[in-house]
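Okay, so here's the structure we're looking at.
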Amino acid sequence: MAQTFDTLMKYPAADEGLVREAMEAAIGIVRADLPVFTDRFPSSNSFHGFYEATENVEWTTGFWTGVIWLAYEYTKDDTFKEAACVQVDSFFHRIENKIDVNHHDMGFLFSLSCVAAHKLTGNEKARQAALMAANHLAGRYREKGKFLQAWGSVGEAAEYRLIIDCLLNLPLLYWASETTGNGQYAHMAENHIRTAMKCILREDDSTYHTYFIDMETGKPSYGVTHQGNRNNSAWARGQAWGIYGIALSFHYLKDESYIRLFERVTDFFLCHLPKDLIPYWDFDFDTGSTEPRDSSAAAIAVCGMLEMAKYLDAKKAEKYTGAAKRILYALIQACGNREPAKSNGLLLHGTYARDSKENTCKNRGVDECNTWGDYFYMEALTRSLTDWEMYW
Ligand code: GLY
């Protein structure tokens, strides 16, 4: 175990001046990126520091639109609003024509682009797009097992499983219930997180990445990793999805039993951080390892802790806010990009996927920026500066 909570609290915390300086640097890069990334989108990860322009495909494009909305909120500059609205039209087209949506990642794609647009500007087309996406996601709900199937064709035996990342897709369903008055969406989301937390959280408070469900009985069957180092290791980003995912469901459901779950998943994450507080891509690796980092996991965890702190008693809120500010300090100093000539991304040192003996991945986006790392970094900065009303 690399950290105790007491040692963690001895690290410097991000103060307003540092956060504002980091935000200004990030906004400058976003502004410079807009001419290329308005009609098109950044690739999921950078290549030697630079994103390439792609169509609106994969699970990752919504993060960039979310970054633009955050830049708009901070600056109130309509240039950002106009660019984000162009992208909202692209998301409407994507869901209407079912382009690359045979998966569960509707929340990542549509909460940060279209729900955000509707919340910030009342854009009705954005609301329609987000509702189409929520309906599409609801179509992946499996009554046998009560969960949302992550990948593959719905009901396909080889892919009858859930993954921890899906917790971030649930807010789209909670939002759909709120905006339509139809409680079915939230009901599915609530069932999904119940099923997920029953099987993905291990006794030592680490988490499985994915868990298969028995198609005949609906009972949890067995866990395997997809992007972690081992089936039984804790993939750093997966653990972070757990932290923020539980906080987001708590926001909507206020189920007190989730407080303990949040503490377990979060305390594991904090206690296994290396000495410089930037996690390696899997918690199998610790201080001194030459394995790559995943800065995005840290940014996601910071957002989750800052969200959950709103609902905790003062002592626990102070604990998690304190931890979040310290990790944010480390992120700003070690990973916050301030040099557009070096990268057109915001958060350096992420890892999309790293191959290992037990996973099925190829190296991808190793020690690079990725769009979700950029987004959660901007969200963490925003949360530190304002009483932010979230897009989730
Ligand atoms: N949700 C996919 C990932 O975190 O890589």
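We label chains A, B, ... in the order they appear in the structure tokens, count residues from 1 in each chain, and number ligands from 1 in the order shown.
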- Please identify all polymer residues within 7 Å of Gly345 in chain A, counting only C-alpha atoms, omitting same-chain residues fewer than 2 positions from it, and present them as a PyMOL selection string. chain A and resi 50+343+347+369+374
- Message: Set the distance at 12 Å and use only C-alpha atoms: which residues neighbour Cys199 in chain A once local chain neighbours fewer than 5 positions away are removed? I'd like the list as a list in words.
- Response: Gly145, Phe147, Arg161, Leu162, Ile163, Ile164, His192, Ile193, Arg194, Asp205, Ser206, Thr207, Tyr208, His209, Thr210, Tyr211, Phe212, Ile213, Lys219, Pro220, Ser221, Tyr222, Gly223 and Val224 of chain A
List as a Markdown table every residue of range 292-349 of chain A that is in contact with range 8-14 of chain A, defined as an atom at most 8 Å from one of its atoms (using only C-alpha atoms), together with the nearest atom pair and the distance in Å rounded to one decimal, sorted by chain and then rising number.
| residue | atom | partner | partner_atom | distance |
| --- | --- | --- | --- | --- |
| A:Gly322 | CA | A:Met9 | CA | 6.9 |
| A:Ala323 | CA | A:Met9 | CA | 6.8 |
| A:Lys325 | CA | A:Ala13 | CA | 4.9 |
| A:Arg326 | CA | A:Ala13 | CA | 4.3 |
| A:Ile327 | CA | A:Ala13 | CA | 7.6 |
| A:Leu328 | CA | A:Ala14 | CA | 6.1 |
| A:Tyr329 | CA | A:Ala14 | CA | 4.4 |
Could you save those same residues with N, CA and C atoms as a compact mmCIF listing (two decimals), in the first residue's frame?
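Listed below is the output, result-v9.txt:
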# COMPACT_ATOMS: atom_id res chain seq x y z
N GLY A 322 -10.25 17.22 0.63
CA GLY A 322 -8.81 17.39 0.85
C GLY A 322 -8.00 16.49 -0.07
N ALA A 323 -8.44 15.25 -0.21
CA ALA A 323 -7.72 14.32 -1.10
C ALA A 323 -7.82 14.81 -2.55
N LYS A 325 -8.21 17.81 -3.73
CA LYS A 325 -7.38 19.02 -3.99
C LYS A 325 -5.90 18.67 -4.11
N ARG A 326 -5.49 17.64 -3.38
CA ARG A 326 -4.08 17.24 -3.45
C ARG A 326 -3.77 16.50 -4.76
N ILE A 327 -4.69 15.68 -5.17
CA ILE A 327 -4.46 14.99 -6.46
C ILE A 327 -4.54 16.02 -7.59
N LEU A 328 -5.44 16.97 -7.46
CA LEU A 328 -5.55 17.99 -8.51
C LEU A 328 -4.26 18.81 -8.60
N TYR A 329 -3.68 19.13 -7.46
CA TYR A 329 -2.40 19.86 -7.46
C TYR A 329 -1.36 19.06 -8.26
- Determine, counting only C-alpha atoms, which protein, DNA and RNA residues have an atom within 9 Å of an atom of Gly304 in chain A; residues of the same chain fewer than 6 positions away are not included. Present the result as a list in words.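 Counting only C-alpha atoms, the residues come to Ala240, Trp241, Gly242, Ile243, Tyr244, Gly245, Ile246, Ala247, Leu248, Thr266 and Ala324 of chain A.
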Kindly assemble as a tab-separated table a list of the range 301-349 of chain A residues that lie within 10 Å of range 278-291 of chain A, each paired with its nearest atom pair and their distance in Å to one decimal, using only C-alpha atoms, sorted first by chain and then by ascending residue number.
residue	atom	partner	partner_atom	distance
A:Ile327	CA	A:Ile278	CA	7.5
A:Leu328	CA	A:Ile278	CA	9.6
A:Ala330	CA	A:Ile278	CA	7.1
A:Leu331	CA	A:Ile278	CA	7.0
A:Ala334	CA	A:Ile278	CA	8.4
A:Cys335	CA	A:Ile278	CA	8.9
A:His349	CA	A:Ile278	CA	9.2
I need the residues from that last selection saved to file as a PDB file, in the first residue's frame (with N, CA and C atoms), if you can.
ATOM      1  N   ILE A 327      -4.686  15.678  -5.171  1.00  0.00           N
ATOM      2  CA  ILE A 327      -4.462  14.994  -6.461  1.00  0.00           C
ATOM      3  C   ILE A 327      -4.536  16.023  -7.594  1.00  0.00           C
ATOM      4  N   LEU A 328      -5.441  16.968  -7.456  1.00  0.00           N
ATOM      5  CA  LEU A 328      -5.551  17.992  -8.510  1.00  0.00           C
ATOM      6  C   LEU A 328      -4.262  18.813  -8.598  1.00  0.00           C
ATOM      7  N   ALA A 330      -1.278  17.753  -7.945  1.00  0.00           N
ATOM      8  CA  ALA A 330      -0.288  16.901  -8.624  1.00  0.00           C
ATOM      9  C   ALA A 330      -0.579  16.843 -10.126  1.00  0.00           C
ATOM     10  N   LEU A 331      -1.861  16.751 -10.470  1.00  0.00           N
ATOM     11  CA  LEU A 331      -2.223  16.682 -11.891  1.00  0.00           C
ATOM     12  C   LEU A 331      -1.848  17.964 -12.630  1.00  0.00           C
ATOM     13  N   ALA A 334       2.060  18.083 -12.850  1.00  0.00           N
ATOM     14  CA  ALA A 334       2.786  17.045 -13.604  1.00  0.00           C
ATOM     15  C   ALA A 334       2.189  16.771 -14.977  1.00  0.00           C
ATOM     16  N   CYS A 335       0.903  17.071 -15.159  1.00  0.00           N
ATOM     17  CA  CYS A 335       0.226  16.637 -16.390  1.00  0.00           C
ATOM     18  C   CYS A 335      -0.517  17.754 -17.121  1.00  0.00           C
ATOM     19  N   HIS A 349      -0.019  12.460 -20.247  1.00  0.00           N
ATOM     20  CA  HIS A 349       0.292  11.232 -19.494  1.00  0.00           C
ATOM     21  C   HIS A 349      -0.907  10.355 -19.155  1.00  0.00           C
TER      22      HIS A 349
END
- Taking the chain letters and numbering used in this document, name the residues of range 84-215 of chain A that DSSP puts in strand (DSSP E or B), as a list of chain:residue names. A:Tyr141, A:Arg142, A:Phe147, A:Leu148, A:Arg161, A:Leu162, A:Ile163, A:Leu201, A:Thr207, A:Thr210, A:Tyr211, A:Phe212, A:Ile213
Can I get the selected residues back with N, CA and C atoms, as a short mmCIF file (atom, residue, chain, number, x, y, z; two decimals), in the first residue's frame?
data_model
loop_
_atom_site.label_atom_id
_atom_site.label_comp_id
_atom_site.auth_asym_id
_atom_site.auth_seq_id
_atom_site.Cartn_x
_atom_site.Cartn_y
_atom_site.Cartn_z
N TYR A 141 -31.03 -2.86 -21.90
CA TYR A 141 -31.33 -3.39 -20.57
C TYR A 141 -31.78 -4.84 -20.69
N ARG A 142 -31.21 -5.70 -19.86
CA ARG A 142 -31.55 -7.13 -19.86
C ARG A 142 -32.29 -7.45 -18.57
N PHE A 147 -29.50 -5.67 -15.85
CA PHE A 147 -28.31 -4.85 -16.11
C PHE A 147 -28.33 -4.37 -17.56
N LEU A 148 -27.47 -3.41 -17.84
CA LEU A 148 -27.31 -2.90 -19.20
C LEU A 148 -26.12 -3.61 -19.84
N ARG A 161 -22.62 -9.38 -20.41
CA ARG A 161 -21.87 -8.88 -19.25
C ARG A 161 -22.05 -7.37 -19.08
N LEU A 162 -21.72 -6.93 -17.88
CA LEU A 162 -21.70 -5.50 -17.58
C LEU A 162 -20.25 -5.09 -17.35
N ILE A 163 -19.99 -3.78 -17.44
CA ILE A 163 -18.64 -3.28 -17.15
C ILE A 163 -18.76 -2.06 -16.24
N LEU A 201 -17.49 -5.31 -6.94
CA LEU A 201 -16.68 -4.90 -5.79
C LEU A 201 -16.18 -6.13 -5.04
N THR A 207 -11.91 -3.47 -7.65
CA THR A 207 -13.07 -3.77 -8.51
C THR A 207 -12.67 -4.58 -9.74
N THR A 210 -14.99 -6.10 -15.75
CA THR A 210 -16.22 -6.60 -16.39
C THR A 210 -16.70 -7.84 -15.66
N TYR A 211 -18.01 -8.09 -15.73
CA TYR A 211 -18.56 -9.26 -15.04
C TYR A 211 -19.63 -9.90 -15.90
N PHE A 212 -19.45 -11.19 -16.14
CA PHE A 212 -20.44 -11.92 -16.94
C PHE A 212 -21.64 -12.32 -16.08
N ILE A 213 -22.79 -12.33 -16.70
CA ILE A 213 -24.04 -12.72 -16.05
C ILE A 213 -24.53 -13.99 -16.73
#
- Query: Near Arg40 in chain A, within 7 Å and counting only C-alpha atoms, which residues show up once chain neighbours fewer than 5 positions away are dropped, as a VMD selection string?
  - Reply: chain A and resid 53 to 56
Could you turn the residues from that selection into a file that holds N, CA and C atoms, as an mmCIF file, in the first residue's frame?
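Contents of result24.cif, as written:
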data_model
loop_
_atom_site.group_PDB
_atom_site.id
_atom_site.type_symbol
_atom_site.label_atom_id
_atom_site.label_comp_id
_atom_site.auth_asym_id
_atom_site.auth_seq_id
_atom_site.Cartn_x
_atom_site.Cartn_y
_atom_site.Cartn_z
ATOM 1 N N ALA A 53 -7.964 14.728 -36.524
ATOM 2 C CA ALA A 53 -9.393 15.037 -36.716
ATOM 3 C C ALA A 53 -10.126 13.802 -37.213
ATOM 4 N N THR A 54 -11.272 13.478 -36.584
ATOM 5 C CA THR A 54 -12.059 12.314 -37.019
ATOM 6 C C THR A 54 -13.513 12.732 -37.190
ATOM 7 N N GLU A 55 -14.285 11.801 -37.731
ATOM 8 C CA GLU A 55 -15.743 11.990 -37.758
ATOM 9 C C GLU A 55 -16.283 11.747 -36.352
ATOM 10 N N ASN A 56 -17.588 11.899 -36.213
ATOM 11 C CA ASN A 56 -18.215 11.666 -34.910
ATOM 12 C C ASN A 56 -18.455 10.160 -34.734
#
- Message: Which residues are near ligand 1 - at most 8 Å, using only C-alpha atoms and all ligand atoms? Format: as a list in words.
- Response: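 The residues near ligand 1 are Trp59, Asp105, Asp165, Cys166, Gln227, Arg237, Gly238, Trp241, Tyr352 and Ala353 of chain A.
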Save out the residues we just selected, N, CA and C atoms, as a compact mmCIF listing (two decimals), in the first residue's frame.
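Result went into part-v4.txt, see below:
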# COMPACT_ATOMS: atom_id res chain seq x y z
N TRP A 59 -16.65 6.08 -28.71
CA TRP A 59 -17.38 6.46 -27.50
C TRP A 59 -16.88 7.76 -26.91
N ASP A 105 -22.36 3.20 -24.49
CA ASP A 105 -21.75 4.47 -24.09
C ASP A 105 -22.53 5.72 -24.49
N ASP A 165 -17.45 0.79 -16.20
CA ASP A 165 -17.53 2.09 -16.88
C ASP A 165 -18.98 2.55 -17.05
N CYS A 166 -19.90 1.59 -17.14
CA CYS A 166 -21.30 1.91 -17.45
C CYS A 166 -21.95 2.79 -16.39
N GLN A 227 -9.35 -4.20 -19.84
CA GLN A 227 -8.23 -3.26 -19.98
C GLN A 227 -7.25 -3.27 -18.80
N ARG A 237 -8.34 3.09 -14.08
CA ARG A 237 -9.49 3.87 -14.58
C ARG A 237 -10.81 3.22 -14.18
N GLY A 238 -10.82 1.89 -14.13
CA GLY A 238 -12.04 1.21 -13.70
C GLY A 238 -12.39 1.60 -12.26
N TRP A 241 -13.83 4.98 -12.41
CA TRP A 241 -15.23 4.98 -12.89
C TRP A 241 -16.15 4.60 -11.74
N TYR A 352 -4.77 4.98 -22.76
CA TYR A 352 -6.06 4.42 -23.20
C TYR A 352 -6.04 2.92 -22.90
N ALA A 353 -5.06 2.20 -23.45
CA ALA A 353 -5.01 0.75 -23.22
C ALA A 353 -3.56 0.29 -23.29
- Using DSSP on the backbone coordinates, identify the residues of range 87-228 of chain A assigned to helix (DSSP H, G or I); present them as an NGL selection string. :A and (87-96 or 106-121 or 124-138 or 157-159 or 164-180 or 184-200)
Set the distance at 12 Å and use only C-alpha atoms: which residues neighbour Glu307 in chain A once local chain neighbours fewer than 5 positions away are removed? I'd like the list as a compact mmCIF listing (two decimals) with N, CA, C and O atoms, in the first residue's frame.
# COMPACT_ATOMS: atom_id res chain seq x y z
N ILE A 243 -15.67 5.18 -8.50
CA ILE A 243 -15.78 6.32 -7.57
C ILE A 243 -16.83 7.32 -8.08
O ILE A 243 -17.78 7.68 -7.38
N TYR A 244 -16.62 7.75 -9.33
CA TYR A 244 -17.52 8.80 -9.84
C TYR A 244 -18.92 8.23 -10.12
O TYR A 244 -19.94 8.89 -9.91
N GLY A 245 -18.95 6.98 -10.59
CA GLY A 245 -20.25 6.37 -10.91
C GLY A 245 -21.14 6.24 -9.68
O GLY A 245 -22.34 6.53 -9.73
N ILE A 246 -20.55 5.85 -8.55
CA ILE A 246 -21.35 5.74 -7.33
C ILE A 246 -21.83 7.13 -6.90
O ILE A 246 -23.00 7.31 -6.53
N ALA A 247 -20.94 8.11 -6.98
CA ALA A 247 -21.32 9.48 -6.58
C ALA A 247 -22.49 9.99 -7.43
O ALA A 247 -23.42 10.61 -6.92
N LEU A 248 -22.43 9.71 -8.74
CA LEU A 248 -23.50 10.20 -9.62
C LEU A 248 -24.83 9.52 -9.32
O LEU A 248 -25.89 10.17 -9.32
N SER A 249 -24.80 8.22 -9.08
CA SER A 249 -26.06 7.55 -8.74
C SER A 249 -26.57 8.04 -7.38
O SER A 249 -27.77 8.19 -7.18
N PHE A 250 -25.63 8.33 -6.46
CA PHE A 250 -26.08 8.87 -5.17
C PHE A 250 -26.79 10.20 -5.37
O PHE A 250 -27.82 10.48 -4.74
N HIS A 251 -26.27 11.02 -6.25
CA HIS A 251 -26.89 12.32 -6.53
C HIS A 251 -28.37 12.15 -6.89
O HIS A 251 -29.22 12.91 -6.44
N TYR A 252 -28.65 11.14 -7.71
CA TYR A 252 -30.04 10.96 -8.17
C TYR A 252 -30.88 10.14 -7.20
O TYR A 252 -32.09 10.39 -7.07
N PHE A 262 -19.08 3.95 -1.72
CA PHE A 262 -18.20 5.02 -2.20
C PHE A 262 -16.90 5.04 -1.39
O PHE A 262 -15.80 5.12 -1.96
N ILE A 300 -10.77 11.68 -13.14
CA ILE A 300 -12.12 11.14 -12.91
C ILE A 300 -12.38 11.02 -11.40
O ILE A 300 -13.45 11.40 -10.90
N ALA A 301 -11.38 10.49 -10.69
CA ALA A 301 -11.54 10.30 -9.24
C ALA A 301 -11.73 11.64 -8.52
O ALA A 301 -12.55 11.75 -7.60
N VAL A 302 -11.00 12.67 -8.95
CA VAL A 302 -11.16 13.99 -8.34
C VAL A 302 -12.60 14.47 -8.50
O VAL A 302 -13.24 14.93 -7.54
N LEU A 312 -21.92 14.27 2.02
CA LEU A 312 -21.34 13.59 3.18
C LEU A 312 -21.35 14.51 4.40
O LEU A 312 -21.45 15.74 4.26
N ALA A 317 -16.65 14.86 4.27
CA ALA A 317 -16.55 15.79 3.13
C ALA A 317 -15.16 16.42 3.10
O ALA A 317 -14.54 16.54 2.04
N TYR A 320 -12.53 13.87 1.73
CA TYR A 320 -12.47 13.61 0.28
C TYR A 320 -12.18 14.88 -0.52
O TYR A 320 -11.52 14.83 -1.56
N THR A 321 -12.64 16.03 -0.01
CA THR A 321 -12.28 17.28 -0.69
C THR A 321 -10.77 17.51 -0.56
O THR A 321 -10.11 17.92 -1.52
N ALA A 324 -9.01 15.25 -2.94
CA ALA A 324 -9.22 15.69 -4.33
C ALA A 324 -8.31 16.87 -4.65
O ALA A 324 -7.68 16.92 -5.72
N GLU A 379 -13.38 19.50 -15.98
CA GLU A 379 -14.50 19.45 -15.02
C GLU A 379 -13.97 19.63 -13.60
O GLU A 379 -14.57 20.34 -12.78
N ALA A 380 -12.84 19.00 -13.29
CA ALA A 380 -12.26 19.13 -11.95
C ALA A 380 -11.87 20.58 -11.67
O ALA A 380 -12.10 21.10 -10.57
N THR A 382 -13.24 23.22 -13.09
CA THR A 382 -14.50 23.95 -12.99
C THR A 382 -15.12 23.75 -11.61
O THR A 382 -15.57 24.70 -10.96
N ARG A 383 -15.15 22.50 -11.17
CA ARG A 383 -15.74 22.19 -9.85
C ARG A 383 -14.98 22.90 -8.73
O ARG A 383 -15.56 23.22 -7.70
N SER A 384 -13.68 23.10 -8.94
CA SER A 384 -12.87 23.75 -7.89
C SER A 384 -13.09 25.25 -7.84
O SER A 384 -12.77 25.90 -6.85
N ASP A 387 -19.65 26.67 -8.11
CA ASP A 387 -20.65 25.74 -7.64
C ASP A 387 -21.34 25.21 -8.91
O ASP A 387 -22.41 25.65 -9.28
N TRP A 388 -20.67 24.30 -9.57
CA TRP A 388 -21.03 23.93 -10.94
C TRP A 388 -22.27 23.04 -10.99
O TRP A 388 -22.38 22.09 -10.23
N GLU A 389 -23.17 23.39 -11.89
CA GLU A 389 -24.33 22.49 -12.09
C GLU A 389 -23.96 21.50 -13.18
O GLU A 389 -23.72 21.87 -14.33
N MET A 390 -23.89 20.24 -12.81
CA MET A 390 -23.28 19.27 -13.72
C MET A 390 -24.15 18.93 -14.93
O MET A 390 -25.36 19.08 -14.91
N TRP A 392 -24.12 15.82 -16.10
CA TRP A 392 -24.47 14.41 -15.94
C TRP A 392 -25.91 14.25 -15.52
O TRP A 392 -26.43 15.04 -14.76
- Residue contacts of Glu339 in chain A (10 Å, only C-alpha atoms) excluding same-chain residues fewer than 2 positions away, as JSON, numbers by chain: {"A": [25, 26, 28, 29, 336, 337, 341, 342, 343, 344, 345, 346]}
- Task: Counting only C-alpha atoms, figure out which residue out of A:Asn231, A:Gln239, A:Asn135, A:Thr4 gets nearest to Asn359 in chain A.
- Result: A:Asn231
Please identify every residue of range 139-235 of chain A that has at least one atom no farther than 12 Å from an atom of range 92-102 of chain A, counting only C-alpha atoms, and for each give the shortest atom pair and the distance in Å to one decimal, arranged by chain then increasing number, as a tab-separated table.
residue	atom	partner	partner_atom	distance
A:Gly139	CA	A:Asn102	CA	10.5
A:Arg140	CA	A:Asn102	CA	9.3
A:Gln149	CA	A:Asn102	CA	10.5
A:Ala150	CA	A:Asn102	CA	9.1
A:Trp151	CA	A:Asn102	CA	7.2
A:Gly152	CA	A:Asn102	CA	6.8
A:Ser153	CA	A:Asn102	CA	6.9
A:Val154	CA	A:Asn102	CA	8.6
- If you count only C-alpha atoms, which residues fall within 12 Å of Leu34 in chain A, apart from same-chain ones fewer than 5 positions away, as a list in words?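 My reading of the contact set: Ile27, Gly28, Ile29, Asp39, Arg40, Phe41, Pro42, Ala53, Trp64, Thr65, Val67, Ile68, Ala71, Thr79, Phe80, Lys81, Glu82, Ala83, Ala84, Val86, Gln87, Asn344 and Gly345 of chain A.
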Got time to write the residues from that selection, N, CA, C and O atoms, as a compact mmCIF listing (two decimals), in the first residue's frame?
# COMPACT_ATOMS: atom_id res chain seq x y z
N ILE A 27 -8.05 26.80 -21.43
CA ILE A 27 -8.97 27.53 -22.33
C ILE A 27 -8.22 28.02 -23.57
O ILE A 27 -8.73 27.96 -24.69
N GLY A 28 -6.98 28.47 -23.38
CA GLY A 28 -6.18 28.93 -24.52
C GLY A 28 -5.99 27.81 -25.54
O GLY A 28 -6.08 28.03 -26.75
N ILE A 29 -5.75 26.60 -25.05
CA ILE A 29 -5.54 25.47 -25.97
C ILE A 29 -6.86 25.09 -26.65
O ILE A 29 -6.91 24.85 -27.86
N ASP A 39 -16.24 21.19 -36.89
CA ASP A 39 -16.96 20.30 -37.81
C ASP A 39 -16.50 18.85 -37.66
O ASP A 39 -17.21 17.93 -38.03
N ARG A 40 -15.31 18.68 -37.17
CA ARG A 40 -14.81 17.34 -36.91
C ARG A 40 -14.42 17.24 -35.43
O ARG A 40 -14.51 18.22 -34.69
N PHE A 41 -13.99 16.05 -35.02
CA PHE A 41 -13.74 15.78 -33.59
C PHE A 41 -12.31 15.28 -33.39
O PHE A 41 -11.74 14.67 -34.30
N PRO A 42 -11.77 15.49 -32.20
CA PRO A 42 -10.45 14.90 -31.93
C PRO A 42 -10.53 13.38 -31.82
O PRO A 42 -11.53 12.85 -31.33
N ALA A 53 -7.96 14.73 -36.52
CA ALA A 53 -9.39 15.04 -36.72
C ALA A 53 -10.13 13.80 -37.21
O ALA A 53 -9.66 13.12 -38.13
N TRP A 64 -15.12 15.98 -25.94
CA TRP A 64 -14.63 17.23 -26.52
C TRP A 64 -15.73 18.28 -26.52
O TRP A 64 -15.50 19.45 -26.17
N THR A 65 -16.96 17.87 -26.89
CA THR A 65 -18.06 18.84 -26.85
C THR A 65 -18.25 19.32 -25.41
O THR A 65 -18.51 20.51 -25.16
N VAL A 67 -15.92 19.61 -23.18
CA VAL A 67 -14.83 20.57 -22.92
C VAL A 67 -15.23 21.95 -23.45
O VAL A 67 -15.03 22.98 -22.79
N ILE A 68 -15.82 21.97 -24.66
CA ILE A 68 -16.20 23.26 -25.24
C ILE A 68 -17.29 23.93 -24.38
O ILE A 68 -17.25 25.14 -24.14
N ALA A 71 -15.67 25.44 -21.43
CA ALA A 71 -14.97 26.68 -21.81
C ALA A 71 -15.98 27.82 -21.97
O ALA A 71 -15.72 28.97 -21.58
N THR A 79 -18.35 32.25 -28.97
CA THR A 79 -17.60 31.43 -29.93
C THR A 79 -17.68 29.96 -29.53
O THR A 79 -17.84 29.08 -30.38
N PHE A 80 -17.54 29.71 -28.23
CA PHE A 80 -17.59 28.33 -27.74
C PHE A 80 -19.01 27.76 -27.88
O PHE A 80 -19.19 26.62 -28.30
N LYS A 81 -19.99 28.58 -27.54
CA LYS A 81 -21.38 28.09 -27.63
C LYS A 81 -21.71 27.71 -29.07
O LYS A 81 -22.30 26.66 -29.32
N GLU A 82 -21.30 28.55 -30.01
CA GLU A 82 -21.62 28.27 -31.41
C GLU A 82 -20.94 26.98 -31.88
O GLU A 82 -21.55 26.17 -32.58
N ALA A 83 -19.71 26.78 -31.48
CA ALA A 83 -19.00 25.55 -31.88
C ALA A 83 -19.68 24.33 -31.27
O ALA A 83 -19.89 23.30 -31.94
N ALA A 84 -20.05 24.42 -30.00
CA ALA A 84 -20.70 23.28 -29.34
C ALA A 84 -22.04 22.97 -30.02
O ALA A 84 -22.41 21.79 -30.17
N VAL A 86 -22.80 23.39 -33.16
CA VAL A 86 -22.50 22.66 -34.41
C VAL A 86 -22.35 21.17 -34.09
O VAL A 86 -22.85 20.29 -34.80
N GLN A 87 -21.68 20.89 -32.99
CA GLN A 87 -21.45 19.49 -32.62
C GLN A 87 -22.74 18.81 -32.16
O GLN A 87 -22.92 17.61 -32.39
N ASN A 344 -1.78 19.37 -28.51
CA ASN A 344 -3.05 20.12 -28.58
C ASN A 344 -4.07 19.58 -27.59
O ASN A 344 -5.25 19.90 -27.67
N GLY A 345 -3.62 18.76 -26.64
CA GLY A 345 -4.49 18.27 -25.58
C GLY A 345 -4.28 19.04 -24.29
O GLY A 345 -3.37 19.88 -24.19
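When CA of Met197 in chain A is paired with CA of Phe110 in chain A, their separation reads 24.0 Å.
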- Counting only C-alpha atoms, figure out which residue out of A:Arg230, A:Arg354, A:Lys315, A:Arg202 gets nearest to Val265 in chain A.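 Residue with the minimum atom-to-atom distance to Val265 in chain A: A:Arg202.
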- Message: What's the separation between CA of Leu306 in chain A and CA of Pro274 in chain A, in Å to one decimal place?
- Response: 20.8 Å
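For the atom pair formed by CA of Val19 in chain A and CA of Tyr377 in chain A, the distance is 10.6 Å, given to one decimal.
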